[in-house]
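Q: Structure file data.cif (mmCIF, C-alpha atoms) right here:
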```
data_my_file
#
loop_
_atom_site.label_atom_id
_atom_site.label_comp_id
_atom_site.auth_asym_id
_atom_site.auth_seq_id
_atom_site.Cartn_x
_atom_site.Cartn_y
_atom_site.Cartn_z
CA MET O 1 -107.10 -74.09 178.97
CA TRP O 2 -110.41 -75.18 180.47
CA GLY O 3 -112.04 -76.00 177.20
CA PHE O 4 -114.60 -73.18 177.34
CA SER O 5 -115.22 -71.32 174.13
CA LEU O 6 -117.96 -69.11 172.87
CA CYS O 7 -119.18 -70.86 169.81
CA LEU O 8 -122.17 -69.15 168.22
CA ALA O 9 -123.48 -69.53 164.76
CA PRO O 10 -122.68 -66.44 162.67
CA ASN O 11 -126.38 -65.65 162.31
CA THR O 12 -127.14 -65.86 166.10
CA GLU O 13 -127.84 -62.54 167.80
CA MET O 14 -126.15 -61.79 171.15
CA GLN O 15 -128.61 -61.24 173.99
CA PRO O 16 -127.67 -58.59 176.59
CA LEU O 17 -127.77 -59.53 180.25
CA LEU O 18 -129.74 -56.40 181.15
CA THR O 19 -131.84 -54.33 178.81
CA TRP O 20 -132.85 -50.74 179.41
CA ARG O 21 -136.52 -51.78 179.60
CA LYS O 22 -135.72 -54.34 182.32
CA ALA O 23 -133.64 -51.74 184.22
CA GLN O 24 -136.52 -49.27 184.08
CA GLU O 25 -138.94 -51.85 185.41
CA THR O 26 -136.85 -53.41 188.16
CA VAL O 27 -134.29 -50.89 189.48
CA PRO O 28 -135.69 -48.94 192.46
CA TRP O 29 -134.94 -45.48 191.02
CA ASN O 30 -136.70 -43.67 193.89
CA ILE O 31 -134.24 -45.16 196.38
CA ILE O 32 -131.23 -44.36 194.19
CA LEU O 33 -132.43 -40.75 193.86
CA LEU O 34 -133.06 -40.57 197.61
CA LEU O 35 -129.50 -41.67 198.38
CA GLY O 36 -128.01 -39.37 195.75
CA GLY O 37 -130.04 -36.49 197.14
CA GLY O 38 -128.63 -37.16 200.59
CA PHE O 39 -125.08 -37.00 199.32
CA ALA O 40 -125.85 -33.81 197.39
CA MET O 41 -127.45 -32.26 200.48
CA ALA O 42 -124.40 -33.10 202.59
CA LYS O 43 -122.08 -31.48 200.07
CA GLY O 44 -124.36 -28.45 199.80
CA CYS O 45 -124.42 -28.00 203.57
CA GLU O 46 -120.66 -28.24 203.69
CA GLU O 47 -120.10 -25.77 200.82
CA SER O 48 -122.77 -23.26 201.88
CA GLY O 49 -121.60 -22.99 205.48
CA LEU O 50 -124.79 -24.48 206.93
CA SER O 51 -122.78 -26.79 209.20
CA VAL O 52 -120.97 -23.76 210.65
CA TRP O 53 -124.33 -22.07 211.24
CA ILE O 54 -125.69 -25.20 212.96
CA GLY O 55 -122.58 -25.20 215.15
CA GLY O 56 -123.38 -21.62 216.12
CA CYS O 57 -126.89 -22.66 217.09
CA LEU O 58 -125.50 -25.38 219.38
CA HIS O 59 -123.20 -23.03 221.32
CA PRO O 60 -125.84 -22.49 224.03
CA LEU O 61 -125.14 -26.12 224.97
CA GLU O 62 -121.72 -25.05 226.27
CA GLY O 63 -123.24 -24.27 229.67
CA VAL O 64 -125.04 -27.59 230.22
CA PRO O 65 -123.56 -30.67 231.88
CA PRO O 66 -122.11 -33.25 229.45
CA LEU O 67 -124.77 -35.83 230.40
CA VAL O 68 -127.54 -33.46 229.31
CA ALA O 69 -125.55 -32.33 226.26
CA VAL O 70 -125.21 -35.89 224.94
CA ILE O 71 -128.98 -36.44 225.29
CA LEU O 72 -129.84 -33.14 223.59
CA VAL O 73 -127.32 -33.64 220.79
CA THR O 74 -128.62 -37.15 220.15
CA ILE O 75 -132.23 -35.90 220.05
CA VAL O 76 -131.33 -33.14 217.57
CA ILE O 77 -129.47 -35.58 215.32
CA VAL O 78 -132.24 -38.19 215.51
CA LEU O 79 -134.82 -35.58 214.48
CA PHE O 80 -132.56 -34.29 211.69
CA THR O 81 -131.98 -37.74 210.24
CA GLU O 82 -135.71 -38.35 209.98
CA PHE O 83 -135.73 -35.83 207.12
CA ALA O 84 -132.21 -36.22 205.72
CA SER O 85 -129.93 -39.12 204.97
CA ASN O 86 -127.66 -40.54 207.65
CA THR O 87 -124.63 -39.66 205.55
CA ALA O 88 -125.68 -36.03 205.19
CA ALA O 89 -126.41 -35.73 208.90
CA ILE O 90 -123.10 -37.12 210.05
CA ILE O 91 -121.11 -35.04 207.57
CA ILE O 92 -122.84 -31.93 208.88
CA PHE O 93 -122.74 -32.73 212.59
CA LEU O 94 -119.38 -34.42 213.30
CA PRO O 95 -117.26 -31.26 212.96
CA VAL O 96 -119.84 -29.36 215.01
CA LEU O 97 -119.82 -32.00 217.76
CA ALA O 98 -116.01 -32.01 217.86
CA GLU O 99 -115.95 -28.23 218.43
CA LEU O 100 -118.73 -28.41 220.99
CA ALA O 101 -116.90 -31.13 222.94
CA VAL O 102 -113.72 -29.04 223.03
CA HIS O 103 -115.71 -26.09 224.41
CA LEU O 104 -117.36 -28.38 226.99
CA LYS O 105 -113.90 -29.75 227.93
CA VAL O 106 -115.03 -33.35 227.40
CA ASN O 107 -113.50 -36.01 225.23
CA PRO O 108 -114.74 -35.29 221.66
CA LEU O 109 -115.53 -38.97 221.22
CA TYR O 110 -118.14 -38.60 223.98
CA LEU O 111 -120.39 -36.52 221.73
CA MET O 112 -119.17 -37.83 218.38
CA VAL O 113 -119.81 -41.52 219.10
CA ALA O 114 -123.26 -40.70 220.48
CA GLY O 115 -124.02 -38.56 217.43
CA THR O 116 -122.82 -41.20 215.01
CA ILE O 117 -124.93 -43.91 216.61
CA GLY O 118 -127.86 -41.49 216.85
CA CYS O 119 -127.74 -41.08 213.06
CA SER O 120 -128.80 -44.71 212.81
CA TYR O 121 -132.06 -44.07 214.70
CA THR O 122 -134.14 -43.38 211.62
CA PHE O 123 -137.30 -45.33 212.24
CA MET O 124 -140.17 -42.87 211.72
CA LEU O 125 -140.44 -41.79 208.08
CA PRO O 126 -139.97 -43.45 204.68
CA VAL O 127 -137.46 -40.79 203.60
CA SER O 128 -135.21 -41.46 206.58
CA THR O 129 -133.25 -44.32 205.08
CA PRO O 130 -133.49 -46.69 202.08
CA PRO O 131 -134.73 -49.68 204.14
CA ASN O 132 -137.63 -47.52 205.38
CA SER O 133 -138.38 -46.55 201.77
CA ILE O 134 -138.34 -50.19 200.69
CA ALA O 135 -140.65 -51.22 203.54
CA PHE O 136 -143.04 -48.34 202.82
CA SER O 137 -143.07 -49.00 199.07
CA SER O 138 -144.36 -52.52 199.73
CA GLY O 139 -147.77 -50.94 200.34
CA HIS O 140 -148.36 -52.75 203.64
CA LEU O 141 -147.37 -49.83 205.88
CA MET O 142 -148.87 -46.40 206.43
CA ILE O 143 -146.82 -43.37 207.47
CA LYS O 144 -148.75 -43.03 210.74
CA ASP O 145 -147.87 -46.64 211.66
CA MET O 146 -144.21 -46.03 210.91
CA ALA O 147 -144.21 -42.73 212.84
CA ARG O 148 -145.91 -44.15 215.93
CA THR O 149 -143.64 -47.18 216.17
CA GLY O 150 -140.58 -45.18 215.13
CA LEU O 151 -141.13 -42.54 217.81
CA LEU O 152 -141.16 -45.19 220.52
CA MET O 153 -138.01 -46.78 219.09
CA ASN O 154 -136.28 -43.39 218.86
CA VAL O 155 -137.07 -42.52 222.48
CA MET O 156 -135.85 -45.92 223.68
CA GLY O 157 -132.74 -45.61 221.50
CA VAL O 158 -131.83 -42.15 222.85
CA LEU O 159 -132.28 -43.25 226.47
CA LEU O 160 -130.33 -46.49 226.02
CA LEU O 161 -127.57 -44.69 224.11
CA SER O 162 -127.26 -42.14 226.90
CA LEU O 163 -127.05 -44.93 229.45
CA ALA O 164 -124.42 -46.76 227.39
CA MET O 165 -122.33 -43.64 226.79
CA ASN O 166 -122.27 -42.87 230.51
CA THR O 167 -121.51 -46.40 231.72
CA TRP O 168 -119.55 -48.97 229.71
CA ALA O 169 -118.59 -46.67 226.80
CA LYS O 170 -116.80 -44.35 229.24
CA SER O 171 -114.46 -47.13 230.29
CA ILE O 172 -114.01 -48.65 226.82
CA PHE O 173 -113.18 -45.36 225.07
CA GLN O 174 -111.66 -43.58 228.14
CA LEU O 175 -114.27 -40.85 227.79
CA GLY O 176 -113.69 -39.53 231.29
CA THR O 177 -110.43 -37.84 230.29
CA PHE O 178 -109.80 -34.87 228.01
CA PRO O 179 -107.24 -36.18 225.47
CA ALA O 180 -104.02 -34.36 224.65
CA TRP O 181 -104.88 -34.13 220.95
CA ALA O 182 -108.08 -32.26 221.83
CA SER O 183 -106.13 -29.92 224.11
CA ILE O 184 -103.84 -29.01 221.23
CA HIS O 185 -106.88 -28.34 219.05
CA ALA O 186 -108.44 -26.16 221.75
CA GLU O 187 -105.32 -23.97 221.89
CA MET O 188 -105.18 -23.42 218.11
CA PRO O 189 -106.43 -20.06 216.91
CA PRO O 190 -109.66 -20.12 214.87
CA HIS O 191 -109.44 -20.11 211.10
CA PRO O 192 -109.91 -16.71 209.46
#
```
Here is the file; what I need is its structure written in the form of structure tokens.
A:
Amino acid sequence: MWGFSLCLAPNTEMQPLLTWRKAQETVPWNIILLLGGGFAMAKGCEESGLSVWIGGCLHPLEGVPPLVAVILVTIVIVLFTEFASNTAAIIIFLPVLAELAVHLKVNPLYLMVAGTIGCSYTFMLPVSTPPNSIAFSSGHLMIKDMARTGLLMNVMGVLLLSLAMNTWAKSIFQLGTFPAWASIHAEMPPHP
């Protein structure tokens, strides 16, 4: 229809677009393995019951005010995501945060939104997230430089997130009310 045709002489060899040698030289395998490891860790935590155990460790937070709970939860998640992938952290922590919010009698989104955003605060170590790995692999950064700058960014992020969650996010997401769907969940008996 368009007049395009693949006309090669019968003795011309086809050249592949990507050879295995070129893939070995150019594909960032360390980053691919880092991401795959994060997914595997998330699945392992889910299957082994580690997320349930972490939830048990967070039950002492049931007695603290929600403002303090959101700061502490965000700090725990920020520290966790420095050593694990964001995906693994959120898969582990979201069910835990939902249960904790029901026990605190606050809107589950109050802790879950803060936790989800906190997972993005991975500024300190190369293993935190693929962009950190890429920046570190350039050879222009040292771990101590990343850690020093990242710590400052993490502290600022946690404080600003807490401020946002307790000001404009409360009105946008109606976080001041305990939703009916969470009430129904709170009344359900625990799974055997």
Q: Which residue gives the smallest distance to O:Ala84 among O:Trp53, O:Thr129, O:Ala69, O:Thr12, with only C-alpha atoms counted?
A: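 Closest residue, counting only C-alpha atoms: O:Thr129.
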Q: O:Gln174, O:Ser120, O:Ser137, O:Thr149: which is nearest O:Leu161, counting all atoms listed in the file?
A: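 Looking at the shortest contact to O:Leu161, the residue is O:Ser120.
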Q: Let me know the centre plus edge lengths, in Å and rounded to one decimal, of a box with edges along x, y and z that contains all listed atoms of stretch 71-74 of chain O and is padded by 5 Å on every side, as JSON.
A:
```
{"center_x": -128.6, "center_y": -35.1, "center_z": 222.7, "size_x": 12.5, "size_y": 14.0, "size_z": 15.1}
```
Q: For the provided coordinates, the residues matched by the PyMOL selection byres ((chain O and resi 99-106) around 12) should be stated as a PyMOL selection string.
A: chain O and resi 51-52+54-70+73+93-98+107-115+170+174-188+190
Q: In Å to one decimal, how far is atom CA of O:Asn30 from atom CA of O:Ala42?
A: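 Between atom CA of O:Ala42 and atom CA of O:Asn30 the gap is 18.4 Å.
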Q: Could you state which residues are captured by the PyMOL selection byres ((chain O and resi 127) around 9) in this file, as a count of residues only?
A: 13
Q: Using only C-alpha atoms, can you tell me which of O:Ala169, O:Phe123, O:Glu13, O:Thr74 comes closest to O:Met146?
A: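 Among the listed residues, O:Phe123 lies closest to O:Met146.
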